[in-house]
$ cat entry_19.pdb   # PDB, C-alpha atoms
ATOM      1  CA  MET A   1       0.000   0.000   0.000
ATOM      2  CA  ASN A   2       1.336   3.419  -0.919
ATOM      3  CA  MET A   3       0.737   5.882   1.875
ATOM      4  CA  LEU A   4       2.597   8.799   0.392
ATOM      5  CA  LEU A   5       1.211  12.167   1.301
ATOM      6  CA  SER A   6       0.952  14.886  -1.307
ATOM      7  CA  GLU A   7       3.563  17.645  -0.935
ATOM      8  CA  GLU A   8       0.835  19.980   0.358
ATOM      9  CA  GLN A   9      -0.372  17.411   2.933
ATOM     10  CA  ARG A  10       3.195  16.707   4.059
ATOM     11  CA  ASP A  11       3.869  20.447   4.523
ATOM     12  CA  ALA A  12       0.637  20.866   6.503
ATOM     13  CA  LEU A  13       1.459  17.847   8.678
ATOM     14  CA  GLN A  14       4.997  19.111   9.258
ATOM     15  CA  GLU A  15       3.619  22.489  10.391
ATOM     16  CA  LEU A  16       1.115  20.802  12.755
ATOM     17  CA  MET A  17       3.897  18.621  14.155
ATOM     18  CA  ASN A  18       6.101  21.683  14.594
ATOM     19  CA  ILE A  19       3.407  23.347  16.714
ATOM     20  CA  SER A  20       2.728  20.273  18.872
ATOM     21  CA  MET A  21       6.427  19.469  19.302
ATOM     22  CA  GLY A  22       6.959  23.102  20.329
ATOM     23  CA  GLN A  23       4.289  22.630  23.008
ATOM     24  CA  ALA A  24       6.113  19.514  24.206
ATOM     25  CA  ALA A  25       9.434  21.386  24.355
ATOM     26  CA  ASN A  26       7.774  24.222  26.303
ATOM     27  CA  SER A  27       6.295  21.766  28.825
ATOM     28  CA  LEU A  28       9.723  20.268  29.482
ATOM     29  CA  ALA A  29      11.543  23.633  29.412
ATOM     30  CA  ARG A  30       9.186  25.018  32.090
ATOM     31  CA  LEU A  31       9.668  21.926  34.244
ATOM     32  CA  ILE A  32      13.478  21.933  34.110
ATOM     33  CA  GLU A  33      13.947  25.695  33.594
ATOM     34  CA  ALA A  34      16.321  25.146  30.676
ATOM     35  CA  LYS A  35      16.335  26.006  26.987
ATOM     36  CA  ILE A  36      15.386  23.232  24.584
ATOM     37  CA  THR A  37      16.042  23.217  20.853
ATOM     38  CA  LEU A  38      13.997  21.199  18.376
ATOM     39  CA  SER A  39      14.814  19.661  15.035
ATOM     40  CA  ILE A  40      12.482  20.160  12.104
ATOM     41  CA  PRO A  41       9.915  17.336  12.231
ATOM     42  CA  LYS A  42      10.787  14.504   9.870
ATOM     43  CA  ILE A  43       7.916  12.633   8.230
ATOM     44  CA  SER A  44       8.541   9.358   6.429
ATOM     45  CA  ASP A  45       7.005   6.047   5.374
ATOM     46  CA  VAL A  46       8.949   3.187   6.916
ATOM     47  CA  THR A  47       9.002  -0.574   6.576
ATOM     48  CA  PRO A  48       9.236  -2.767   9.695
ATOM     49  CA  GLU A  49      12.919  -3.425   8.900
ATOM     50  CA  GLN A  50      13.722   0.301   8.692
ATOM     51  CA  PHE A  51      11.824   0.916  11.907
ATOM     52  CA  VAL A  52      13.582  -1.862  13.838
ATOM     53  CA  SER A  53      16.989  -0.660  12.603
ATOM     54  CA  MET A  54      16.257   2.727  14.215
ATOM     55  CA  LEU A  55      16.007   1.001  17.577
ATOM     56  CA  SER A  56      19.570  -0.279  17.632
ATOM     57  CA  ASP A  57      21.452   2.671  19.126
ATOM     58  CA  ASN A  58      23.179   1.479  22.327
ATOM     59  CA  GLU A  59      23.581   5.094  23.492
ATOM     60  CA  MET A  60      19.812   5.470  23.960
ATOM     61  CA  TRP A  61      17.126   4.344  26.391
ATOM     62  CA  TYR A  62      13.771   3.487  24.794
ATOM     63  CA  THR A  63      10.197   3.776  26.007
ATOM     64  CA  ARG A  64       7.022   2.904  24.196
ATOM     65  CA  GLN A  65       3.425   4.000  24.611
ATOM     66  CA  SER A  66       0.460   2.878  22.566
ATOM     67  CA  PHE A  67      -2.474   5.141  21.845
ATOM     68  CA  LEU A  68      -6.071   4.499  20.843
ATOM     69  CA  GLY A  69      -8.948   6.653  19.663
ATOM     70  CA  SER A  70      -9.849   8.013  16.238
ATOM     71  CA  ILE A  71      -6.182   7.356  15.428
ATOM     72  CA  LYS A  72      -4.139   4.412  16.683
ATOM     73  CA  GLY A  73      -0.468   3.712  16.905
ATOM     74  CA  GLU A  74       2.527   3.915  19.136
ATOM     75  CA  VAL A  75       4.879   6.588  20.407
ATOM     76  CA  ILE A  76       8.501   5.560  20.858
ATOM     77  CA  SER A  77      10.714   7.890  22.888
ATOM     78  CA  MET A  78      14.465   7.577  22.522
ATOM     79  CA  LEU A  79      16.335   9.183  25.413
ATOM     80  CA  SER A  80      20.113   9.590  25.404
ATOM     81  CA  LYS A  81      22.068   7.792  28.108
ATOM     82  CA  GLN A  82      24.444  10.736  28.173
ATOM     83  CA  GLY A  83      23.214  13.677  30.241
ATOM     84  CA  CYS A  84      20.678  11.739  32.347
ATOM     85  CA  ASP A  85      22.331  12.881  35.593
ATOM     86  CA  ALA A  86      22.114  16.524  34.485
ATOM     87  CA  ILE A  87      18.418  16.151  33.616
ATOM     88  CA  GLY A  88      17.850  14.267  36.874
ATOM     89  CA  THR A  89      19.381  17.201  38.773
ATOM     90  CA  LEU A  90      17.207  19.701  36.864
ATOM     91  CA  MET A  91      14.144  17.603  37.718
ATOM     92  CA  GLU A  92      15.221  17.417  41.383
ATOM     93  CA  TYR A  93      16.068  13.715  41.451
ATOM     94  CA  GLU A  94      18.667  12.691  44.012
ATOM     95  CA  LEU A  95      22.020  11.653  42.548
ATOM     96  CA  PRO A  96      23.479   9.157  41.973
ATOM     97  CA  LEU A  97      20.455   7.748  40.126
ATOM     98  CA  THR A  98      19.644   4.153  41.055
ATOM     99  CA  GLN A  99      18.278   2.028  38.195
ATOM    100  CA  GLY A 100      14.786   2.418  39.664
ATOM    101  CA  ARG A 101      15.059   6.224  39.896
ATOM    102  CA  LEU A 102      16.592   6.376  36.414
ATOM    103  CA  ASN A 103      13.653   4.410  34.984
ATOM    104  CA  GLU A 104      11.247   6.703  36.818
ATOM    105  CA  LEU A 105      13.019   9.773  35.366
ATOM    106  CA  LEU A 106      13.008   8.337  31.826
ATOM    107  CA  LEU A 107       9.331   7.359  32.011
ATOM    108  CA  GLU A 108       8.430  10.817  33.340
ATOM    109  CA  LEU A 109      10.368  12.537  30.532
ATOM    110  CA  ALA A 110       8.843  10.252  27.887
ATOM    111  CA  ASN A 111       5.344  10.867  29.216
ATOM    112  CA  ILE A 112       5.809  14.667  29.196
ATOM    113  CA  LEU A 113       7.213  14.757  25.660
ATOM    114  CA  ALA A 114       5.039  12.064  24.065
ATOM    115  CA  GLY A 115       1.899  13.294  25.814
ATOM    116  CA  ALA A 116       2.347  16.914  24.731
ATOM    117  CA  CYS A 117       3.325  15.900  21.166
ATOM    118  CA  LEU A 118       0.395  13.556  20.622
ATOM    119  CA  THR A 119      -2.174  15.737  22.393
ATOM    120  CA  GLY A 120      -1.166  18.877  20.483
ATOM    121  CA  PHE A 121      -1.134  17.051  17.171
ATOM    122  CA  ALA A 122      -4.506  15.321  17.733
ATOM    123  CA  GLU A 123      -6.222  18.493  19.025
ATOM    124  CA  GLN A 124      -5.168  20.522  15.988
ATOM    125  CA  LEU A 125      -6.827  17.958  13.718
ATOM    126  CA  SER A 126      -9.883  17.399  15.970
ATOM    127  CA  LEU A 127      -8.879  13.783  16.515
ATOM    128  CA  ASN A 128      -8.934  11.949  19.812
ATOM    129  CA  ALA A 129      -6.094   9.785  20.984
ATOM    130  CA  LYS A 130      -5.709   8.371  24.467
ATOM    131  CA  LEU A 131      -2.096   7.607  25.346
ATOM    132  CA  SER A 132      -1.218   4.707  27.640
ATOM    133  CA  MET A 133       1.468   5.055  30.294
ATOM    134  CA  PRO A 134       5.007   4.532  28.985
ATOM    135  CA  THR A 135       6.980   1.377  29.608
ATOM    136  CA  MET A 136      10.722   0.856  29.330
ATOM    137  CA  TYR A 137      11.640  -1.041  26.232
ATOM    138  CA  ASN A 138      14.890  -2.865  25.557
ATOM    139  CA  ALA A 139      15.258  -3.005  21.789
ATOM    140  CA  ALA A 140      18.324  -5.250  21.929
ATOM    141  CA  SER A 141      16.879  -8.026  24.096
ATOM    142  CA  GLN A 142      13.265  -8.017  22.944
ATOM    143  CA  HIS A 143      12.073  -8.917  19.488
ATOM    144  CA  TYR A 144       9.938  -5.981  18.463
ATOM    145  CA  HIS A 145       6.409  -7.048  17.607
ATOM    146  CA  TYR A 146       5.600  -4.856  14.645
ATOM    147  CA  ARG A 147       2.135  -5.388  13.287
ATOM    148  CA  TRP A 148       2.123  -3.016  10.316
ATOM    149  CA  ALA A 149       3.499  -3.683   6.849
ATOM    150  CA  SER A 150       4.263  -0.002   6.419
ATOM    151  CA  THR A 151       3.649   2.997   8.606
ATOM    152  CA  LEU A 152       3.819   6.757   8.623
ATOM    153  CA  MET A 153       6.438   7.915  11.071
ATOM    154  CA  MET A 154       6.715  11.440  12.465
ATOM    155  CA  GLU A 155       9.888  12.174  14.368
ATOM    156  CA  VAL A 156      11.446  15.160  16.110
ATOM    157  CA  GLU A 157      14.576  15.596  18.186
ATOM    158  CA  PHE A 158      14.726  17.575  21.450
ATOM    159  CA  LYS A 159      18.084  18.810  22.782
ATOM    160  CA  VAL A 160      18.516  20.250  26.278
ATOM    161  CA  GLU A 161      21.159  22.938  25.896
ATOM    162  CA  VAL A 162      22.611  22.889  29.441
ATOM    163  CA  SER A 163      23.362  19.179  29.296
ATOM    164  CA  GLN A 164      24.378  16.606  26.737
ATOM    165  CA  PHE A 165      20.893  15.133  26.930
ATOM    166  CA  ASP A 166      18.788  14.754  23.850
ATOM    167  CA  SER A 167      15.759  12.723  22.941
ATOM    168  CA  LYS A 168      13.697  11.807  19.954
ATOM    169  CA  VAL A 169       9.948  11.258  19.901
ATOM    170  CA  VAL A 170       8.630   9.072  17.107
ATOM    171  CA  ILE A 171       4.885   8.788  16.487
ATOM    172  CA  CYS A 172       3.931   5.746  14.411
ATOM    173  CA  LEU A 173       0.458   5.523  12.916
ATOM    174  CA  GLU A 174      -1.118   2.287  11.763
ATOM    175  CA  GLU A 175      -2.480   2.063   8.220
ATOM    176  CA  ALA A 176      -6.152   2.834   8.908
ATOM    177  CA  SER A 177      -5.111   5.828  11.018
ATOM    178  CA  VAL A 178      -2.980   7.162   8.164
ATOM    179  CA  GLN A 179      -6.120   7.259   6.013
ATOM    180  CA  THR A 180      -7.964   9.125   8.809
ATOM    181  CA  LEU A 181      -5.041  11.554   9.046
ATOM    182  CA  ILE A 182      -4.956  12.169   5.282
ATOM    183  CA  ALA A 183      -8.722  12.871   5.272
ATOM    184  CA  LYS A 184      -8.325  15.371   8.160
ATOM    185  CA  LEU A 185      -5.360  17.080   6.473
ATOM    186  CA  GLN A 186      -7.360  17.369   3.250
ATOM    187  CA  GLN A 187     -10.279  18.992   5.140
ATOM    188  CA  LEU A 188      -7.829  21.441   6.697
ATOM    189  CA  LEU A 189      -6.358  22.327   3.308
ATOM    190  CA  GLU A 190      -9.698  22.889   1.561
TER     191      GLU A 190
END
$ encode --input "entry_19.pdb" --output "structure tokens"
Amino acid sequence: MNMLLSEEQRDALQELMNISMGQAANSLARLIEAKITLSIPKISDVTPEQFVSMLSDNEMWYTRQSFLGSIKGEVISMLSKQGCDAIGTLMEYELPLTQGRLNELLLELANILAGACLTGFAEQLSLNAKLSMPTMYNAASQHYHYRWASTLMMEVEFKVEVSQFDSKVVICLEEASVQTLIAKLQQLLE
């Protein structure tokens, strides 16, 4: 199935993602009182193999959260291992971070970023999407169960300027949800 968006739809989606990712960055920036820079949102169609290959960076922690509603899919947050102590300090976690406290910190960060990204994106398109709580995910030791032949992936990178910490939030939509998204984008453009 070809899920390619028209150039106009892709531009509109990129702008919507930019706004919602900006809201996510603001939520985190207010919490940690630090400046956050964002990459330009990247939108691509990916195969399961391409998706799984993204999850092979040993310098990252991974979380995953599924979402349901008028659109369905999964949000994967990739959080750099470098800079976690600095972020922990900014978020008032006691150092050194135990594995339990580190997981708590990572899940909290993922929930803030993924929640703000998905909520902002869905609200702008009058879609509903309820996000589950994040869980830690070990890409290396777990075989990723990927149930879509092809998916639309929206990704943005967040960098915290006072530390070496950066993260990426990837929103994956399943096929039927891509069709819902395209219909909503078309309504917006008309």
$ closest_residue --input "entry_19.pdb" --among "A:Leu97, A:Leu79, A:Leu31, A:Leu38" --to "Ser167 in chain A" --atoms "all atoms listed in the file"
A:Leu79
$ resolve_selection --input "entry_19.pdb" --expression "the PyMOL selection byres ((chain A and resi 111-119) around 9)" --output "number ranges by chain"
A: 17, 19-25, 27-28, 65, 67, 75-77, 106-110, 120-124, 128-131, 133-134, 169-171
$ closest_residue --input "entry_19.pdb" --among "A:Val46, A:Met78, A:Met60, A:Ile87" --to "Glu33 in chain A" --atoms "all atoms listed in the file"
A:Ile87
$ closest_residue --input "entry_19.pdb" --among "A:Cys172, A:Val162, A:Ile182, A:Leu90" --to "Ile36 in chain A" --atoms "only C-alpha atoms"
A:Val162
$ residues_around --input "entry_19.pdb" --residues "Leu5 in chain A" --least-positions-apart "6" --cutoff "12 Å" --atoms "only C-alpha atoms" --output "list of chain:residue names"
A:Asp11, A:Ala12, A:Leu13, A:Gln14, A:Ile43, A:Ser44, A:Asp45, A:Thr151, A:Leu152, A:Met153, A:Val178, A:Gln179, A:Leu181, A:Ile182, A:Ala183, A:Leu185, A:Gln186
$ atom_distance --input "entry_19.pdb" --atom1 "CA of Pro96 in chain A" --atom2 "CA of Gly83 in chain A"
12.6 Å
$ resolve_selection --input "entry_19.pdb" --expression "the PyMOL selection byres ((chain A and resi 39) around 7)" --output "ChimeraX atom specification"
/A:37-38,40-41,156-158
$ atom_distance --input "entry_19.pdb" --atom1 "CA of Lys168 in chain A" --atom2 "CA of Arg64 in chain A"
11.9 Å
$ atom_distance --input "entry_19.pdb" --atom1 "CA of Glu15 in chain A" --atom2 "CA of Ser132 in chain A"
25.2 Å
$ closest_residue --input "entry_19.pdb" --among "A:Lys42, A:Arg101, A:Arg10, A:Lys184" --to "Met154 in chain A" --atoms "all atoms listed in the file"
A:Lys42
$ closest_residue --input "entry_19.pdb" --among "A:Ser53, A:Ser66, A:Gln164, A:Gln99" --to "Lys81 in chain A" --atoms "all atoms listed in the file"
A:Gln164
$ residues_around --input "entry_19.pdb" --residues "Ala86 in chain A" --least-positions-apart "6" --cutoff "12 Å" --atoms "only C-alpha atoms" --output "ChimeraX atom specification"
/A:32,34,80,92-97,102,105,160-166
$ resolve_selection --input "entry_19.pdb" --expression "the PyMOL selection byres ((chain A and resi 71) around 7)" --output "list in words"
Leu68, Gly69, Ser70, Lys72, Gly73, Asn128, Ala129 and Ser177 of chain A
$ closest_residue --input "entry_19.pdb" --among "A:Asn26, A:Glu104, A:Leu173, A:Glu8" --to "Met91 in chain A" --atoms "all atoms listed in the file"
A:Glu104
